[in-house]
Amino acid sequence: MLLVLGQVSGQSKHGRMNGFLRDADTGEPLLYANVSLKNTGIGAASDNSGYYIITNIPPGNYTLQVMMIGYERTEKAITVIAGLEERHDFEIKPASIEGEEVIVTGDRQRFEKEIEISSVSLSMRDVKTMPAFVEADIFRTLQLLPGVQSSSDFSSALVVRGGSPDENLIMLDGIEIYNPFHLGGVFSTFNADAIADAEFLAGGYPAYYGNRISSVLSITGREGDSKNNKLFGGHKLGEFFDVSQVRGEVNLLSSKLLAEGPLYKGSWMLSGRRTYFDQVARLYYWYKDEPMEWKYYFYDVQGKIIQNLNSTNRLTFSHYAGKDRIFFEIGRAENEVNFNWDWGNTTNSGEWRWVPNSRFVSTLSLANTVYEFDVDMEFTATDTSGQASTSGFIIFNKIDDWTIKENLDWFISTAHTLTTGFELKDLGIDFELSQGTRKLLDQHETNMIYSGIIQERWQPNPVIMFQAGLRLSKYSAHENLYYEPRLGFKYLLSTNLALKGAWGKYNQFLFTAQDEDAILSIVDFWNPIPANYKAKSVEHYILGFEQWLGEGWFASLEGYYKPYSNTLVINPNQNFLDQDDDYTEGTAEIYGVELLLKKSSGKLTGWLGYSYMKSSQEFDFNGDGLIVESDGEIYSSKYDQPHSINLVLNYAMNKKNSFGLTMTSSNSNLYTPTVGYVYTQNKSYADLVNPYSNLDELKGFRNSARYPNYFRMDVSYSRKIHPFGIDGLFKIQVINATNHFNTFFYNWDLSERTVEGIGMFPFFPTFGVEFKL
């Protein structure tokens with residue numbers, strides 16, 4: 001499609017063009033495709049909405065070409081007229097790529113023209129082709145990148161460059177998600193089939209992102225197939241609504257279903273997932289004729305509606321809801337305990353995107369995120385006369401986040417792009433603690449965060465580019481303004497080698513109270529930074545090299561240094577009656593080096609990553625004004641992990657069969673060791689025969705011991721199948737194929753005077769079937 005948009009002011013000697021790239025079969029946007037004028041070196045890469053823009057084009061006749069792995073090379077003859085701008089939209093047909101065919105992708109354009117510090121983009125092909133615990137998981141995939149780790153096999157939370165998991169900004173379609181995990185962190189909340197792309201920034205990220213100080217994960221959901229009318233094709237209803245396809249998966253843990261199709265001037269997509277081992281257990285207890293005294297399941301629903309009002313305006317509505325539910329009964333007859341526990345997120349957002357011409361892209365959004373954590377315990381006791389008495393205990397935590405933000409990109413010229421925007425965030429946080437009818441704690445806080453950004457990307461010549469930005473924030477609990485300058489650069493030392501770097505200041509006003517000695521955190525309690533404490537604050541210093549090794553091959557080497565001017569931990573000496581001493585402020589520093597070698601095309605794809613990291617923290621726990629290592633006030637974070645190496649491989653043997661392998665070898669986490677037990681006087685004098693029978697644990701220095709080194713290898717095999725004419729995929733996956741014992745924690749048995757290592761995932765085979773109708 002060609003649209004002549006009008007005159008280009010101030011650039012009468014050159015022309016401009018822009019447009020959107022879409023899959024011809026589904027209408028989905030094509031991300032990071034290469035758009036160029038053939039044999040000129042002039043071009044651009046499409047972004048995560050399929051949008052591209054090329055400026056400062058000399059007048060003349062050209063061949064405009066679009067190239068992307070898995071799609072036909074598309075060419076179009078065009079004429080560029082001085083002072084005019086044109087819009088060229090493309091719908092590209094998918095095509096199979098045989099062997100090692102070379103296709104110039106948008107990765108090369110991004111290498112030459114974008115400042116991407118500590119950045120990795122993952123497609124869902126990257127996620128779904130590697131071994132996984134039961135089902136594909138974007139968080140588990142990210143944990144295989146250098147600089148990213150997990151606290152254990154039982155957690156998919158991200159520990160990025162030594163920062164705690166609450167320091168990561170997780171967004172789905174621009175909406176902030178506060179606790180994106182199921183089953184205590186074993187699984188993420190995102191259905192891989194409903195995701196189009198994930199951009200991960202491990203540090204040095206631009207001014208657009210705020211209120212997190214370690215990393216950013218921005219997930220873009222699929223828009224839905226708007227091209228195929230399978231249910232109501234040929235009917236009047238099909239002009240307004242139809243179903244294009246339905247796909248699903250059944251595995252040992254859960255079942256999930258996704259449906260999509262055209263909707264008037266756009267598309268719709270809806271996916272759902274639910275675990276069913278509670279239903280399997282119900283059948284077991286029914287067969288055994290025994291009561292089922294527990295229940296656990298989780299579910300999530302994700303949806304999106306797109307409406308293209310015209311060629312320049314688009315409206316998007318996104319929804320996500322996910323919940324975990326636990327219930328069990330303890331006791332019999334006279335005494336009984338009922339335990340109910342649920343937590344989850346519900347998000348809704350509306351977005352208006354306006355592209356009036358090739359100079360401006362405006363995005364305005366309004367979003368609401370609600371995160372709730374609710375524990376309800378009920379105790380029932382029956383006396384000898386048959387009278388029953390009931391008491392309850394309730395813990396409730398809620399975040400109600402309303403956010404409105406605007407982002408305006410102004411493509412001034414090839415050399416200059418200006419970005420401005422604002423964000424207003426209204427945070428309502430409730431925390432309630434009750435026993436029976438008596439409320440022990442009932443807190444409600446409302447805090448506002450006002451932020452404005454300005455950012456300039458400047459490329460004075462083809463080999464050097466700069467990006468400077470400023471984020472200015474006002475947190476309502478504090479009187480001062482927070483200035484967060486950001487700076488990034490890239491310098492092309494040669495055609496295929498680039499020097500890159502970044503520096504920036506980052507602040508965080510919302511955090512989770514972390515107990516550093518906790519073995520496993522099931523859920524997080526989110527808290528605003530109190531008025532009497534400073535915001536968490538850190539600087540990022542990053543310097544590295546990028547090497548383009550040919551189409552499909554890429555290497556990166558980065559070093560980083562992160563000094564924390566303020567961080568918070570739970571005060572081990574707090575007075576429960578004093579609400580102003582819950583935390584202790586301190587400082588920290590983290591530094592490290594990361595190496596990544598990646599191959600993204602051909603039959604064999606994957607990456608090899610290595611990372612080195614060290615950390616140190618200082619806190620004045622005893623309040624004497626001195627920070628002394630022998631007092632346990634100088635120590636490494638429990639996430640300190642000096643060495644880690646990851647190998648990820650996927651081999652497409654032919655059109656039907658593929659194999660996957662992931663291997664991780666690393667130092668394990670630190671822990672505070674138990675060095676012994678000592679008999680002490682009982683706190684109660686009821687036992688007069690042996691008043692010193694109480695055993696107290698003696699702890700060593702904080703985080704002074706390390707678990708044995710970690711090693712795990714996972715393998716997978718998948719084969720395309722067509723039972724009854726239905727397209728499908730059969731998958732077999734083996735977790736910890738070598739059955740290596742990885743220590744989770746140590747358990748002391750005082751009666752036997754022994755200590756036992758409790759392991760993580762053992763050898764664990766799984767299988768599943770995907771289908772598409």
# chains A, B, ... in the order shown; residues from 1 in each chain; ligands from 1
call {"tool": "residues_around", "arguments": {"residues": "Leu441 in chain A", "least_positions_apart": "4", "cutoff": "10 Å", "atoms": "only C-alpha atoms", "output": "ChimeraX atom specification"}}
result
/A:395,431-435
call {"tool": "residues_around", "arguments": {"residues": "Glu406 in chain A", "least_positions_apart": "3", "cutoff": "7 Å", "atoms": "only C-alpha atoms", "output": "JSON, numbers by chain"}}
result
{"A": [363, 364, 365, 421, 422, 423]}
call {"tool": "closest_residue", "arguments": {"among": "A:Lys230, A:Phe489, A:Asn179, A:Tyr284", "to": "Tyr371 in chain A", "atoms": "only C-alpha atoms"}}
result
A:Asn179
call {"tool": "residues_around", "arguments": {"residues": "Asn566 in chain A", "least_positions_apart": "5", "cutoff": "9 Å", "atoms": "only C-alpha atoms", "output": "mmCIF file with N, CA, C and O atoms, in the first residue's frame"}}
result
data_model
loop_
_atom_site.group_PDB
_atom_site.id
_atom_site.type_symbol
_atom_site.label_atom_id
_atom_site.label_comp_id
_atom_site.auth_asym_id
_atom_site.auth_seq_id
_atom_site.Cartn_x
_atom_site.Cartn_y
_atom_site.Cartn_z
ATOM 1 N N LYS A 534 15.131 6.594 52.795
ATOM 2 C CA LYS A 534 15.444 7.064 51.453
ATOM 3 C C LYS A 534 15.080 5.992 50.420
ATOM 4 O O LYS A 534 14.994 4.812 50.732
ATOM 5 N N ALA A 535 14.882 6.433 49.191
ATOM 6 C CA ALA A 535 14.590 5.495 48.111
ATOM 7 C C ALA A 535 15.805 4.605 47.852
ATOM 8 O O ALA A 535 16.950 4.995 48.082
ATOM 9 N N LYS A 536 15.547 3.404 47.369
ATOM 10 C CA LYS A 536 16.649 2.566 46.910
ATOM 11 C C LYS A 536 17.272 3.237 45.692
ATOM 12 O O LYS A 536 16.559 3.690 44.781
ATOM 13 N N SER A 537 18.595 3.320 45.670
ATOM 14 C CA SER A 537 19.256 4.110 44.628
ATOM 15 C C SER A 537 20.541 3.413 44.191
ATOM 16 O O SER A 537 21.296 2.897 45.019
ATOM 17 N N VAL A 538 20.785 3.418 42.887
ATOM 18 C CA VAL A 538 21.975 2.770 42.335
ATOM 19 C C VAL A 538 22.394 3.494 41.058
ATOM 20 O O VAL A 538 21.583 4.166 40.404
ATOM 21 N N GLU A 585 19.005 0.718 56.598
ATOM 22 C CA GLU A 585 19.569 1.220 55.352
ATOM 23 C C GLU A 585 21.054 0.892 55.281
ATOM 24 O O GLU A 585 21.750 0.816 56.306
ATOM 25 N N GLY A 586 21.540 0.711 54.071
ATOM 26 C CA GLY A 586 22.952 0.419 53.889
ATOM 27 C C GLY A 586 23.389 0.700 52.474
ATOM 28 O O GLY A 586 22.659 1.284 51.668
ATOM 29 N N THR A 587 24.605 0.302 52.164
ATOM 30 C CA THR A 587 25.168 0.488 50.826
ATOM 31 C C THR A 587 25.616 -0.873 50.299
ATOM 32 O O THR A 587 25.752 -1.843 51.039
ATOM 33 N N ALA A 588 25.874 -0.924 49.000
ATOM 34 C CA ALA A 588 26.322 -2.166 48.376
ATOM 35 C C ALA A 588 27.038 -1.833 47.079
ATOM 36 O O ALA A 588 26.912 -0.712 46.547
#
call {"tool": "residues_around", "arguments": {"residues": "Ser666 in chain A", "least_positions_apart": "4", "cutoff": "7 Å", "atoms": "only C-alpha atoms", "output": "short mmCIF file (atom, residue, chain, number, x, y, z; two decimals) with all heavy atoms, in the first residue's frame"}}
result
data_model
loop_
_atom_site.label_atom_id
_atom_site.label_comp_id
_atom_site.auth_asym_id
_atom_site.auth_seq_id
_atom_site.Cartn_x
_atom_site.Cartn_y
_atom_site.Cartn_z
N HIS A 643 31.00 -17.48 39.26
CA HIS A 643 31.16 -18.03 37.92
C HIS A 643 29.90 -18.77 37.49
O HIS A 643 29.31 -19.53 38.27
CB HIS A 643 32.35 -19.01 37.87
CG HIS A 643 33.66 -18.38 38.23
ND1 HIS A 643 34.38 -17.61 37.36
CD2 HIS A 643 34.36 -18.41 39.39
CE1 HIS A 643 35.49 -17.19 37.95
NE2 HIS A 643 35.49 -17.64 39.19
N SER A 644 29.52 -18.56 36.22
CA SER A 644 28.37 -19.26 35.67
C SER A 644 28.56 -19.39 34.16
O SER A 644 28.97 -18.44 33.50
CB SER A 644 27.08 -18.51 35.97
OG SER A 644 25.97 -19.14 35.37
N ILE A 645 28.28 -20.59 33.64
CA ILE A 645 28.36 -20.81 32.20
C ILE A 645 27.10 -21.54 31.75
O ILE A 645 26.63 -22.47 32.41
CB ILE A 645 29.64 -21.59 31.83
CG1 ILE A 645 29.77 -21.69 30.30
CG2 ILE A 645 29.67 -22.97 32.47
CD1 ILE A 645 31.13 -22.17 29.85
N ASN A 709 28.79 -26.69 44.07
CA ASN A 709 28.56 -26.17 42.73
C ASN A 709 27.34 -26.82 42.08
O ASN A 709 27.02 -27.99 42.30
CB ASN A 709 29.78 -26.37 41.85
CG ASN A 709 30.92 -25.46 42.22
OD1 ASN A 709 30.74 -24.47 42.93
ND2 ASN A 709 32.12 -25.77 41.75
N TYR A 710 26.68 -26.03 41.25
CA TYR A 710 25.43 -26.43 40.59
C TYR A 710 25.73 -26.91 39.17
O TYR A 710 26.52 -26.32 38.45
CB TYR A 710 24.49 -25.22 40.55
CG TYR A 710 23.15 -25.46 39.89
CD1 TYR A 710 22.04 -25.82 40.63
CD2 TYR A 710 23.01 -25.31 38.51
CE1 TYR A 710 20.81 -26.02 40.03
CE2 TYR A 710 21.79 -25.51 37.90
CZ TYR A 710 20.69 -25.87 38.66
OH TYR A 710 19.48 -26.07 38.06
N PHE A 711 25.05 -27.99 38.77
CA PHE A 711 25.14 -28.46 37.38
C PHE A 711 23.82 -29.09 36.99
O PHE A 711 23.23 -29.87 37.76
CB PHE A 711 26.26 -29.50 37.21
CG PHE A 711 26.32 -30.06 35.81
CD1 PHE A 711 26.95 -29.37 34.79
CD2 PHE A 711 25.71 -31.27 35.51
CE1 PHE A 711 26.98 -29.87 33.50
CE2 PHE A 711 25.73 -31.78 34.22
CZ PHE A 711 26.38 -31.08 33.21
#
call {"tool": "closest_residue", "arguments": {"among": "A:Tyr635, A:Phe139, A:Tyr612, A:Trp748", "to": "Gly700 in chain A", "atoms": "only C-alpha atoms"}}
result
A:Tyr635
call {"tool": "atom_distance", "arguments": {"atom1": "CA of Val243 in chain A", "atom2": "CA of Leu257 in chain A"}}
result
13.5 Å
call {"tool": "closest_residue", "arguments": {"among": "A:Tyr583, A:Tyr746, A:Tyr677, A:Tyr506", "to": "Tyr533 in chain A", "atoms": "only C-alpha atoms"}}
result
A:Tyr583
call {"tool": "residues_around", "arguments": {"residues": "Ser665 in chain A", "least_positions_apart": "6", "cutoff": "12 Å", "atoms": "only C-alpha atoms", "output": "VMD selection string"}}
result
chain A and resid 144 146 149 608 to 611 641 to 647 708 to 713 736 740 742
call {"tool": "closest_atom_pairs", "arguments": {"of": "range 118-227 of chain A", "to": "range 324-329 of chain A", "cutoff": "12 Å", "atoms": "only C-alpha atoms", "output": "JSON lines"}}
result
{"residue": "A:Asn179", "atom": "CA", "partner": "A:Asp324", "partner_atom": "CA", "distance": 11.2}
{"residue": "A:Pro180", "atom": "CA", "partner": "A:Asp324", "partner_atom": "CA", "distance": 11.1}
{"residue": "A:Phe181", "atom": "CA", "partner": "A:Asp324", "partner_atom": "CA", "distance": 9.2}
{"residue": "A:His182", "atom": "CA", "partner": "A:Asp324", "partner_atom": "CA", "distance": 6.5}
{"residue": "A:Leu183", "atom": "CA", "partner": "A:Asp324", "partner_atom": "CA", "distance": 7.1}
{"residue": "A:Gly184", "atom": "CA", "partner": "A:Asp324", "partner_atom": "CA", "distance": 9.0}
{"residue": "A:Gly185", "atom": "CA", "partner": "A:Asp324", "partner_atom": "CA", "distance": 11.0}
{"residue": "A:Phe187", "atom": "CA", "partner": "A:Asp324", "partner_atom": "CA", "distance": 11.3}
{"residue": "A:Ser188", "atom": "CA", "partner": "A:Asp324", "partner_atom": "CA", "distance": 11.7}
{"residue": "A:Thr189", "atom": "CA", "partner": "A:Asp324", "partner_atom": "CA", "distance": 10.1}
call {"tool": "atom_distance", "arguments": {"atom1": "CA of Glu199 in chain A", "atom2": "CA of Ile219 in chain A"}}
result
6.5 Å
